[in-house]
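Peer 1: If it helps, the file is called model.cif and holds mmCIF, N, CA and C atoms:
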```cif
data_run
#
loop_
_atom_site.label_atom_id
_atom_site.label_comp_id
_atom_site.auth_asym_id
_atom_site.auth_seq_id
_atom_site.Cartn_x
_atom_site.Cartn_y
_atom_site.Cartn_z
N LYS A 104 -72.34 40.34 59.24
CA LYS A 104 -73.55 40.30 60.08
C LYS A 104 -74.66 39.54 59.35
N THR A 105 -75.32 38.67 60.07
CA THR A 105 -76.49 38.01 59.48
C THR A 105 -77.74 38.61 60.10
N GLU A 106 -78.61 39.04 59.24
CA GLU A 106 -79.84 39.66 59.71
C GLU A 106 -80.84 38.56 60.10
N ALA A 107 -81.43 38.71 61.28
CA ALA A 107 -82.40 37.71 61.72
C ALA A 107 -83.64 37.79 60.83
N LYS A 108 -84.02 36.64 60.26
CA LYS A 108 -85.19 36.62 59.39
C LYS A 108 -86.45 36.46 60.24
N LYS A 109 -87.40 37.35 60.02
CA LYS A 109 -88.67 37.24 60.73
C LYS A 109 -89.51 36.16 60.08
N PRO A 110 -90.23 35.39 60.88
CA PRO A 110 -91.10 34.38 60.27
C PRO A 110 -92.23 35.07 59.50
N LEU A 111 -92.63 34.46 58.40
CA LEU A 111 -93.72 35.02 57.61
C LEU A 111 -95.02 34.92 58.40
N ARG A 112 -95.77 36.01 58.36
CA ARG A 112 -97.08 35.97 59.01
C ARG A 112 -98.12 36.46 58.01
N PHE A 113 -99.16 35.67 57.87
CA PHE A 113 -100.22 36.03 56.93
C PHE A 113 -101.52 36.19 57.68
N ARG A 114 -102.39 37.03 57.13
CA ARG A 114 -103.75 37.12 57.67
C ARG A 114 -104.72 37.00 56.50
N THR A 115 -105.74 36.22 56.73
CA THR A 115 -106.72 35.94 55.69
C THR A 115 -108.02 36.64 56.05
N THR A 116 -108.59 37.31 55.07
CA THR A 116 -109.90 37.93 55.27
C THR A 116 -110.84 37.48 54.16
N TRP A 117 -112.12 37.54 54.47
CA TRP A 117 -113.16 37.28 53.47
C TRP A 117 -113.84 38.62 53.29
N GLY A 118 -113.66 39.22 52.12
CA GLY A 118 -114.05 40.61 51.98
C GLY A 118 -113.13 41.40 52.90
N VAL A 119 -113.69 42.10 53.87
CA VAL A 119 -112.85 42.83 54.83
C VAL A 119 -112.82 42.16 56.20
N PHE A 120 -113.45 40.99 56.34
CA PHE A 120 -113.62 40.38 57.65
C PHE A 120 -112.63 39.25 57.93
N LEU A 121 -112.03 39.29 59.13
CA LEU A 121 -111.30 38.15 59.65
C LEU A 121 -112.36 37.19 60.19
N SER A 122 -111.96 36.07 60.78
CA SER A 122 -112.95 35.17 61.39
C SER A 122 -113.80 35.97 62.35
N ASP A 123 -115.11 35.77 62.28
CA ASP A 123 -116.02 36.62 63.05
C ASP A 123 -117.39 35.98 63.08
N SER A 124 -118.29 36.60 63.84
CA SER A 124 -119.69 36.22 63.72
C SER A 124 -120.39 37.44 63.12
N LEU A 125 -121.13 37.20 62.05
CA LEU A 125 -121.72 38.30 61.28
C LEU A 125 -123.22 38.08 61.11
N PRO A 126 -123.98 39.18 61.02
CA PRO A 126 -125.42 39.03 60.77
C PRO A 126 -125.67 38.43 59.38
N ARG A 127 -126.74 37.67 59.25
CA ARG A 127 -127.05 36.98 58.00
C ARG A 127 -127.00 37.91 56.77
N PRO A 128 -127.61 39.12 56.81
CA PRO A 128 -127.57 39.98 55.62
C PRO A 128 -126.14 40.31 55.18
N GLU A 129 -125.23 40.47 56.14
CA GLU A 129 -123.83 40.76 55.82
C GLU A 129 -123.17 39.54 55.16
N VAL A 130 -123.47 38.35 55.67
CA VAL A 130 -122.92 37.11 55.10
C VAL A 130 -123.42 36.95 53.66
N VAL A 131 -124.71 37.20 53.43
CA VAL A 131 -125.28 37.08 52.09
C VAL A 131 -124.57 38.02 51.12
N LYS A 132 -124.27 39.26 51.57
CA LYS A 132 -123.55 40.23 50.73
C LYS A 132 -122.13 39.74 50.41
N LEU A 133 -121.52 39.02 51.37
CA LEU A 133 -120.13 38.56 51.21
C LEU A 133 -119.97 37.35 50.31
N LEU A 134 -121.05 36.62 50.04
CA LEU A 134 -120.93 35.33 49.36
C LEU A 134 -120.23 35.37 48.01
N ASP A 135 -120.23 36.52 47.33
CA ASP A 135 -119.52 36.63 46.05
C ASP A 135 -118.12 37.20 46.22
N SER A 136 -117.71 37.46 47.47
CA SER A 136 -116.40 38.09 47.73
C SER A 136 -115.26 37.09 47.68
N ALA A 137 -114.09 37.62 47.40
CA ALA A 137 -112.88 36.79 47.34
C ALA A 137 -112.22 36.71 48.71
N LEU A 138 -111.47 35.63 48.93
CA LEU A 138 -110.58 35.55 50.08
C LEU A 138 -109.36 36.42 49.76
N VAL A 139 -108.92 37.18 50.73
CA VAL A 139 -107.77 38.06 50.53
C VAL A 139 -106.71 37.72 51.57
N VAL A 140 -105.47 37.53 51.12
CA VAL A 140 -104.38 37.19 52.04
C VAL A 140 -103.31 38.26 51.93
N ARG A 141 -102.88 38.75 53.10
CA ARG A 141 -101.82 39.76 53.15
C ARG A 141 -100.77 39.33 54.16
N ASP A 142 -99.54 39.79 53.93
CA ASP A 142 -98.48 39.52 54.91
C ASP A 142 -98.38 40.71 55.87
N GLN A 143 -97.37 40.66 56.77
CA GLN A 143 -97.26 41.71 57.78
C GLN A 143 -96.92 43.08 57.18
N GLN A 144 -96.43 43.12 55.93
CA GLN A 144 -96.18 44.41 55.25
C GLN A 144 -97.39 44.85 54.43
N ASN A 145 -98.50 44.13 54.56
CA ASN A 145 -99.75 44.43 53.87
C ASN A 145 -99.69 44.13 52.36
N ASN A 146 -98.72 43.30 51.93
CA ASN A 146 -98.67 42.87 50.53
C ASN A 146 -99.74 41.80 50.32
N LYS A 147 -100.44 41.88 49.19
CA LYS A 147 -101.48 40.90 48.86
C LYS A 147 -100.89 39.75 48.07
N PHE A 148 -101.40 38.53 48.34
CA PHE A 148 -100.96 37.35 47.61
C PHE A 148 -102.16 36.61 47.04
N PRO A 149 -102.03 36.09 45.81
CA PRO A 149 -103.17 35.42 45.19
C PRO A 149 -103.49 34.08 45.85
N VAL A 150 -104.78 33.86 46.11
CA VAL A 150 -105.25 32.59 46.65
C VAL A 150 -105.38 31.62 45.47
N VAL A 151 -104.72 30.47 45.61
CA VAL A 151 -104.71 29.47 44.54
C VAL A 151 -105.86 28.48 44.75
N SER A 152 -106.07 28.08 46.00
CA SER A 152 -107.12 27.11 46.29
C SER A 152 -107.51 27.17 47.76
N PHE A 153 -108.68 26.60 48.07
CA PHE A 153 -109.13 26.49 49.46
C PHE A 153 -110.21 25.43 49.55
N ASP A 154 -110.42 24.95 50.76
CA ASP A 154 -111.52 24.03 51.04
C ASP A 154 -112.60 24.82 51.76
N PHE A 155 -113.84 24.52 51.43
CA PHE A 155 -114.97 25.22 52.05
C PHE A 155 -115.88 24.18 52.69
N THR A 156 -116.29 24.45 53.92
CA THR A 156 -117.24 23.57 54.61
C THR A 156 -118.37 24.42 55.16
N TYR A 157 -119.57 23.96 54.96
CA TYR A 157 -120.78 24.64 55.42
C TYR A 157 -121.42 23.78 56.49
N GLU A 158 -121.49 24.31 57.71
CA GLU A 158 -122.10 23.60 58.83
C GLU A 158 -123.56 24.02 58.89
N LYS A 159 -124.43 23.14 58.45
CA LYS A 159 -125.86 23.44 58.33
C LYS A 159 -126.64 22.78 59.45
N LYS A 160 -127.55 23.52 60.04
CA LYS A 160 -128.40 22.99 61.11
C LYS A 160 -129.75 22.60 60.50
N GLU A 161 -130.14 21.36 60.71
CA GLU A 161 -131.41 20.88 60.16
C GLU A 161 -132.34 20.45 61.29
N PRO A 162 -133.55 21.00 61.35
CA PRO A 162 -134.51 20.55 62.36
C PRO A 162 -135.10 19.19 61.96
N TYR A 163 -135.45 18.40 62.95
CA TYR A 163 -136.11 17.12 62.67
C TYR A 163 -136.99 16.75 63.87
N LEU A 164 -137.86 15.79 63.66
CA LEU A 164 -138.72 15.30 64.73
C LEU A 164 -138.20 13.94 65.16
N ASN A 165 -137.84 13.81 66.44
CA ASN A 165 -137.32 12.55 66.96
C ASN A 165 -138.45 11.52 66.98
N ASP A 166 -138.26 10.39 66.27
CA ASP A 166 -139.29 9.35 66.19
C ASP A 166 -139.60 8.73 67.55
N THR A 167 -138.58 8.55 68.37
CA THR A 167 -138.73 7.88 69.66
C THR A 167 -139.44 8.78 70.69
N THR A 168 -138.97 10.01 70.82
CA THR A 168 -139.51 10.90 71.86
C THR A 168 -140.63 11.79 71.35
N GLY A 169 -140.72 11.95 70.02
CA GLY A 169 -141.73 12.85 69.47
C GLY A 169 -141.35 14.32 69.63
N ARG A 170 -140.14 14.58 70.13
CA ARG A 170 -139.70 15.96 70.34
C ARG A 170 -138.89 16.47 69.14
N PRO A 171 -139.00 17.75 68.87
CA PRO A 171 -138.16 18.30 67.78
C PRO A 171 -136.71 18.37 68.23
N GLY A 172 -135.82 18.16 67.30
CA GLY A 172 -134.39 18.26 67.58
C GLY A 172 -133.70 18.93 66.41
N THR A 173 -132.39 19.05 66.52
CA THR A 173 -131.60 19.63 65.43
C THR A 173 -130.40 18.73 65.19
N TYR A 174 -130.14 18.44 63.94
CA TYR A 174 -128.90 17.73 63.65
C TYR A 174 -128.02 18.63 62.79
N THR A 175 -126.74 18.39 62.87
CA THR A 175 -125.78 19.20 62.12
C THR A 175 -125.28 18.40 60.94
N GLU A 176 -125.33 19.03 59.78
CA GLU A 176 -124.86 18.40 58.55
C GLU A 176 -123.71 19.24 58.01
N TYR A 177 -122.67 18.56 57.53
CA TYR A 177 -121.52 19.26 56.96
C TYR A 177 -121.45 18.97 55.47
N VAL A 178 -121.45 20.01 54.66
CA VAL A 178 -121.28 19.85 53.22
C VAL A 178 -120.16 20.78 52.79
N GLY A 179 -119.44 20.40 51.76
CA GLY A 179 -118.34 21.25 51.35
C GLY A 179 -117.79 20.88 50.00
N ASP A 180 -116.77 21.62 49.63
CA ASP A 180 -116.15 21.41 48.33
C ASP A 180 -114.76 22.04 48.36
N SER A 181 -113.96 21.71 47.37
CA SER A 181 -112.65 22.34 47.21
C SER A 181 -112.71 23.24 46.00
N PHE A 182 -112.06 24.39 46.09
CA PHE A 182 -112.10 25.37 45.01
C PHE A 182 -110.68 25.73 44.58
N LYS A 183 -110.48 25.86 43.28
CA LYS A 183 -109.18 26.25 42.73
C LYS A 183 -109.28 27.72 42.29
N SER A 184 -109.68 28.57 43.23
CA SER A 184 -109.80 30.00 42.95
C SER A 184 -109.78 30.73 44.30
N ASP A 185 -110.11 32.02 44.28
CA ASP A 185 -110.10 32.80 45.52
C ASP A 185 -111.50 33.04 46.07
N ARG A 186 -112.52 32.43 45.44
CA ARG A 186 -113.90 32.64 45.91
C ARG A 186 -114.76 31.42 45.63
N LEU A 187 -115.94 31.40 46.25
CA LEU A 187 -116.90 30.33 46.02
C LEU A 187 -117.40 30.39 44.59
N SER A 188 -117.78 29.25 44.03
CA SER A 188 -118.36 29.25 42.68
C SER A 188 -119.73 29.93 42.74
N SER A 189 -120.23 30.37 41.58
CA SER A 189 -121.53 31.03 41.54
C SER A 189 -122.64 30.07 41.97
N LEU A 190 -122.46 28.79 41.70
CA LEU A 190 -123.43 27.78 42.11
C LEU A 190 -123.54 27.75 43.64
N TRP A 191 -122.38 27.68 44.32
CA TRP A 191 -122.36 27.65 45.79
C TRP A 191 -122.89 28.96 46.38
N SER A 192 -122.42 30.09 45.89
CA SER A 192 -122.84 31.36 46.49
C SER A 192 -124.34 31.57 46.27
N GLY A 193 -124.84 31.20 45.09
CA GLY A 193 -126.28 31.34 44.82
C GLY A 193 -127.12 30.49 45.76
N ARG A 194 -126.70 29.25 45.96
CA ARG A 194 -127.43 28.33 46.84
C ARG A 194 -127.39 28.81 48.29
N LEU A 195 -126.20 29.26 48.74
CA LEU A 195 -126.07 29.72 50.12
C LEU A 195 -126.89 30.98 50.39
N LYS A 196 -127.02 31.85 49.39
CA LYS A 196 -127.82 33.06 49.55
C LYS A 196 -129.26 32.70 49.91
N GLU A 197 -129.73 31.57 49.38
CA GLU A 197 -131.09 31.12 49.66
C GLU A 197 -131.21 30.38 50.99
N THR A 198 -130.15 29.64 51.37
CA THR A 198 -130.31 28.69 52.48
C THR A 198 -129.63 29.06 53.79
N VAL A 199 -128.61 29.93 53.75
CA VAL A 199 -127.84 30.17 54.97
C VAL A 199 -128.72 30.77 56.07
N GLU A 200 -128.59 30.22 57.29
CA GLU A 200 -129.43 30.62 58.42
C GLU A 200 -128.58 30.98 59.63
N LYS A 201 -129.21 31.66 60.55
CA LYS A 201 -128.59 32.01 61.84
C LYS A 201 -128.11 30.74 62.55
N GLY A 202 -126.92 30.80 63.14
CA GLY A 202 -126.39 29.66 63.89
C GLY A 202 -125.52 28.73 63.04
N GLU A 203 -125.53 28.93 61.73
CA GLU A 203 -124.71 28.08 60.87
C GLU A 203 -123.31 28.67 60.73
N VAL A 204 -122.37 27.85 60.27
CA VAL A 204 -120.97 28.27 60.22
C VAL A 204 -120.39 27.99 58.84
N LEU A 205 -119.61 28.96 58.33
CA LEU A 205 -118.90 28.80 57.06
C LEU A 205 -117.41 28.71 57.38
N TYR A 206 -116.77 27.66 56.92
CA TYR A 206 -115.33 27.46 57.16
C TYR A 206 -114.58 27.54 55.84
N PHE A 207 -113.54 28.35 55.81
CA PHE A 207 -112.62 28.40 54.67
C PHE A 207 -111.28 27.93 55.22
N ASP A 208 -110.82 26.75 54.82
CA ASP A 208 -109.54 26.28 55.34
C ASP A 208 -108.71 25.63 54.26
N ASN A 209 -107.53 25.16 54.67
CA ASN A 209 -106.52 24.67 53.71
C ASN A 209 -106.32 25.68 52.58
N ILE A 210 -106.24 26.95 52.97
CA ILE A 210 -106.09 28.03 51.99
C ILE A 210 -104.62 28.07 51.54
N ILE A 211 -104.42 27.96 50.24
CA ILE A 211 -103.07 27.96 49.67
C ILE A 211 -102.90 29.23 48.83
N ILE A 212 -101.78 29.93 49.07
CA ILE A 212 -101.48 31.11 48.27
C ILE A 212 -100.20 30.89 47.47
N LYS A 213 -100.07 31.64 46.39
CA LYS A 213 -98.82 31.64 45.62
C LYS A 213 -98.00 32.80 46.15
N TYR A 214 -96.86 32.45 46.72
CA TYR A 214 -95.94 33.45 47.26
C TYR A 214 -95.00 33.87 46.13
N THR A 215 -93.89 34.45 46.43
CA THR A 215 -92.95 34.87 45.39
C THR A 215 -92.31 33.64 44.73
N GLY A 216 -92.00 33.80 43.46
CA GLY A 216 -91.35 32.70 42.73
C GLY A 216 -92.28 31.52 42.62
N ASP A 217 -91.75 30.33 42.96
CA ASP A 217 -92.57 29.12 42.87
C ASP A 217 -92.94 28.59 44.25
N LYS A 218 -92.98 29.50 45.23
CA LYS A 218 -93.33 29.08 46.60
C LYS A 218 -94.84 29.18 46.82
N TYR A 219 -95.35 28.17 47.54
CA TYR A 219 -96.76 28.16 47.91
C TYR A 219 -96.83 28.02 49.43
N TYR A 220 -97.78 28.70 50.05
CA TYR A 220 -97.93 28.61 51.51
C TYR A 220 -99.38 28.35 51.87
N LYS A 221 -99.52 27.62 52.99
CA LYS A 221 -100.84 27.42 53.59
C LYS A 221 -100.99 28.55 54.60
N VAL A 222 -102.13 29.25 54.56
CA VAL A 222 -102.32 30.44 55.40
C VAL A 222 -103.50 30.24 56.36
N PRO A 223 -103.65 31.14 57.34
CA PRO A 223 -104.71 30.97 58.34
C PRO A 223 -106.11 30.86 57.73
N GLU A 224 -106.92 30.04 58.38
CA GLU A 224 -108.30 29.82 57.93
C GLU A 224 -109.21 30.97 58.35
N VAL A 225 -110.39 30.98 57.77
CA VAL A 225 -111.43 31.96 58.14
C VAL A 225 -112.66 31.16 58.54
N ARG A 226 -113.27 31.56 59.66
CA ARG A 226 -114.48 30.89 60.17
C ARG A 226 -115.52 31.97 60.43
N ILE A 227 -116.65 31.88 59.74
CA ILE A 227 -117.71 32.88 59.88
C ILE A 227 -118.95 32.21 60.48
N VAL A 228 -119.39 32.73 61.62
CA VAL A 228 -120.60 32.26 62.28
C VAL A 228 -121.73 33.22 61.90
N VAL A 229 -122.83 32.67 61.43
CA VAL A 229 -123.97 33.50 61.02
C VAL A 229 -124.83 33.78 62.26
N ARG A 230 -125.08 35.09 62.51
CA ARG A 230 -125.96 35.41 63.63
C ARG A 230 -127.18 36.19 63.18
#
```
Go through the file and emit its structure as structure tokens.

Peer 2:
Amino acid sequence: KTEAKKPLRFRTTWGVFLSDSLPRPEVVKLLDSALVVRDQQNNKFPVVSFDFTYEKKEPYLNDTTGRPGTYTEYVGDSFKSDRLSSLWSGRLKETVEKGEVLYFDNIIIKYTGDKYYKVPEVRIVVR
């Protein structure tokens, strides 16, 4: 008999949160937290690397119309760990605002042996 192999399923959380919209004070508390990846049996796997993108909203005054507007700026970095660097978390604690979005993607974990997997991303909307 050959046992049917179930496909691997992973879930990624930041602190205890899956992708979600969170109040700013909660996001600020989370900035030093690690990404945590678990499989369907709740086993934890170490995060090796991830890409981080910060969607920042910047107000500006339109030269042509004289009306205020907002433009979206994307800044980011790649990390070879399970959390943001202290430089990034410190800066975000000062600047993160309502309506902005934090993306953690291309998350790579070390599975058993020498296997590496890309796991689901986390998207946090600041409210």

Peer 1: Name the closest residue to Glu203 in chain A among the candidates A:Ser152, A:Asn165, A:Thr173, A:Ser136; distances are taken between atoms, counting only C-alpha atoms.

Peer 2: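 Among A:Ser152, A:Asn165, A:Thr173, A:Ser136, it is A:Thr173 that comes nearest to Glu203 in chain A.
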
Peer 1: Translate the PyMOL selection byres (((chain A and resi 132 and name CA) around 12) and name CA), as applied to the file shown, into an explicit residue set as a ChimeraX atom specification.

Peer 2: /A:117-119,125-131,133-137,192-193,195-197,199

Peer 1: Return the single residue from A:Gln144, A:Gly216, A:Thr116, A:Asp154 that is closest to Phe182 in chain A, with distances computed using all atoms listed in the file.

Peer 2: A:Asp154

Peer 1: Please compute the CA of Thr175 in chain A-atom C of Glu158 in chain A distance, one decimal, in Å.

Peer 2: 6.2 Å

Peer 1: Evaluate the PyMOL selection byres (((chain A and resi 140 and name CA) around 7) and name CA) against this structure - the residues, as a list in words, please.

Peer 2: Phe113, Arg114, Thr115, Thr116, Leu138, Val139, Arg141, Asp142, Lys147 and Phe148 of chain A

Peer 1: Find, counting only C-alpha atoms, the residue in A:Lys201, A:Tyr163, A:Pro149, A:Pro171 that gets nearest to Ser184 in chain A.

Peer 2: A:Pro149

Peer 1: Residue by residue, what does the PyMOL selection byres ((chain A and resi 222) around 7) grab here? Present the result as a list in words.

Peer 2: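 That selection, the PyMOL selection byres ((chain A and resi 222) around 7), comes back as Phe113, Arg114, Thr115, Asn209, Ile210, Ile211, Ile212, Tyr220, Lys221, Pro223 and Glu224 of chain A.
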
Peer 1: Identify which of the residues A:Val204, A:Phe155, A:Asp166, A:Lys160 lies closest to Lys183 in chain A, counting only C-alpha atoms when measuring atom-to-atom distances.

Peer 2: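 For Lys183 in chain A, the nearest of the candidates is A:Phe155.
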
Peer 1: Run DSSP on the backbone and give me the residues of range 158-190 of chain A it puts in strand (DSSP E), as a PyMOL selection string.

Peer 2: chain A and resi 158-164+171-182

Peer 1: Which residue, A:Tyr219, A:Phe153, A:Tyr214, A:Tyr206, has the smallest gap to Ser124 in chain A when you use only C-alpha atoms?

Peer 2: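 Counting only C-alpha atoms, the residue closest to Ser124 in chain A is A:Tyr206.
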
Peer 1: Which residues, written as a list in words, have at least one atom at most 6 Å from Tyr157 in chain A, with all atoms listed in the file counted and residues fewer than 3 positions away on the same chain left out?

Peer 2: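 My reading of the contact set: Glu176, Tyr177, Val178, Gly179, Val204, Leu205 and Tyr206 of chain A.
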
Peer 1: Using only N, CA and C atoms, can you tell me which of A:Thr156, A:Leu121, A:Gly172, A:Asp185 comes closest to Phe207 in chain A?

Peer 2: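 Ranking A:Thr156, A:Leu121, A:Gly172, A:Asp185 by distance to Phe207 in chain A, first place goes to A:Thr156.
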
Peer 1: Grab the CA of Arg230 in chain A to atom C of Gly202 in chain A distance for me, in Å with one decimal place.

Peer 2: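 Atom-to-atom, CA of Arg230 in chain A and atom C of Gly202 in chain A are spaced 6.7 Å apart.
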
Peer 1: Give me range 161-176 of chain A with N, CA, C and O atoms filled in, as a short mmCIF file (atom, residue, chain, number, x, y, z; two decimals), in the frame of the given file.

Peer 2:
```cif
data_model
loop_
_atom_site.label_atom_id
_atom_site.label_comp_id
_atom_site.auth_asym_id
_atom_site.auth_seq_id
_atom_site.Cartn_x
_atom_site.Cartn_y
_atom_site.Cartn_z
N GLU A 161 -130.14 21.36 60.71
CA GLU A 161 -131.41 20.88 60.16
C GLU A 161 -132.34 20.45 61.29
O GLU A 161 -131.98 19.60 62.10
N PRO A 162 -133.55 21.00 61.35
CA PRO A 162 -134.51 20.55 62.36
C PRO A 162 -135.10 19.19 61.96
O PRO A 162 -135.19 18.88 60.78
N TYR A 163 -135.45 18.40 62.95
CA TYR A 163 -136.11 17.12 62.67
C TYR A 163 -136.99 16.75 63.87
O TYR A 163 -136.88 17.34 64.94
N LEU A 164 -137.86 15.79 63.66
CA LEU A 164 -138.72 15.30 64.73
C LEU A 164 -138.20 13.94 65.16
O LEU A 164 -138.10 13.03 64.35
N ASN A 165 -137.84 13.81 66.44
CA ASN A 165 -137.32 12.55 66.96
C ASN A 165 -138.45 11.52 66.98
O ASN A 165 -139.47 11.72 67.63
N ASP A 166 -138.26 10.39 66.27
CA ASP A 166 -139.29 9.35 66.19
C ASP A 166 -139.60 8.73 67.55
O ASP A 166 -140.75 8.42 67.86
N THR A 167 -138.58 8.55 68.37
CA THR A 167 -138.73 7.88 69.66
C THR A 167 -139.44 8.78 70.69
O THR A 167 -140.39 8.35 71.33
N THR A 168 -138.97 10.01 70.82
CA THR A 168 -139.51 10.90 71.86
C THR A 168 -140.63 11.79 71.35
O THR A 168 -141.38 12.35 72.15
N GLY A 169 -140.72 11.95 70.02
CA GLY A 169 -141.73 12.85 69.47
C GLY A 169 -141.35 14.32 69.63
O GLY A 169 -142.14 15.21 69.32
N ARG A 170 -140.14 14.58 70.13
CA ARG A 170 -139.70 15.96 70.34
C ARG A 170 -138.89 16.47 69.14
O ARG A 170 -138.16 15.70 68.53
N PRO A 171 -139.00 17.75 68.87
CA PRO A 171 -138.16 18.30 67.78
C PRO A 171 -136.71 18.37 68.23
O PRO A 171 -136.42 18.57 69.41
N GLY A 172 -135.82 18.16 67.30
CA GLY A 172 -134.39 18.26 67.58
C GLY A 172 -133.70 18.93 66.41
O GLY A 172 -134.33 19.32 65.44
N THR A 173 -132.39 19.05 66.52
CA THR A 173 -131.60 19.63 65.43
C THR A 173 -130.40 18.73 65.19
O THR A 173 -129.76 18.31 66.14
N TYR A 174 -130.14 18.44 63.94
CA TYR A 174 -128.90 17.73 63.65
C TYR A 174 -128.02 18.63 62.79
O TYR A 174 -128.51 19.53 62.13
N THR A 175 -126.74 18.39 62.87
CA THR A 175 -125.78 19.20 62.12
C THR A 175 -125.28 18.40 60.94
O THR A 175 -124.87 17.25 61.08
N GLU A 176 -125.33 19.03 59.78
CA GLU A 176 -124.86 18.40 58.55
C GLU A 176 -123.71 19.24 58.01
O GLU A 176 -123.75 20.46 58.05
#
```
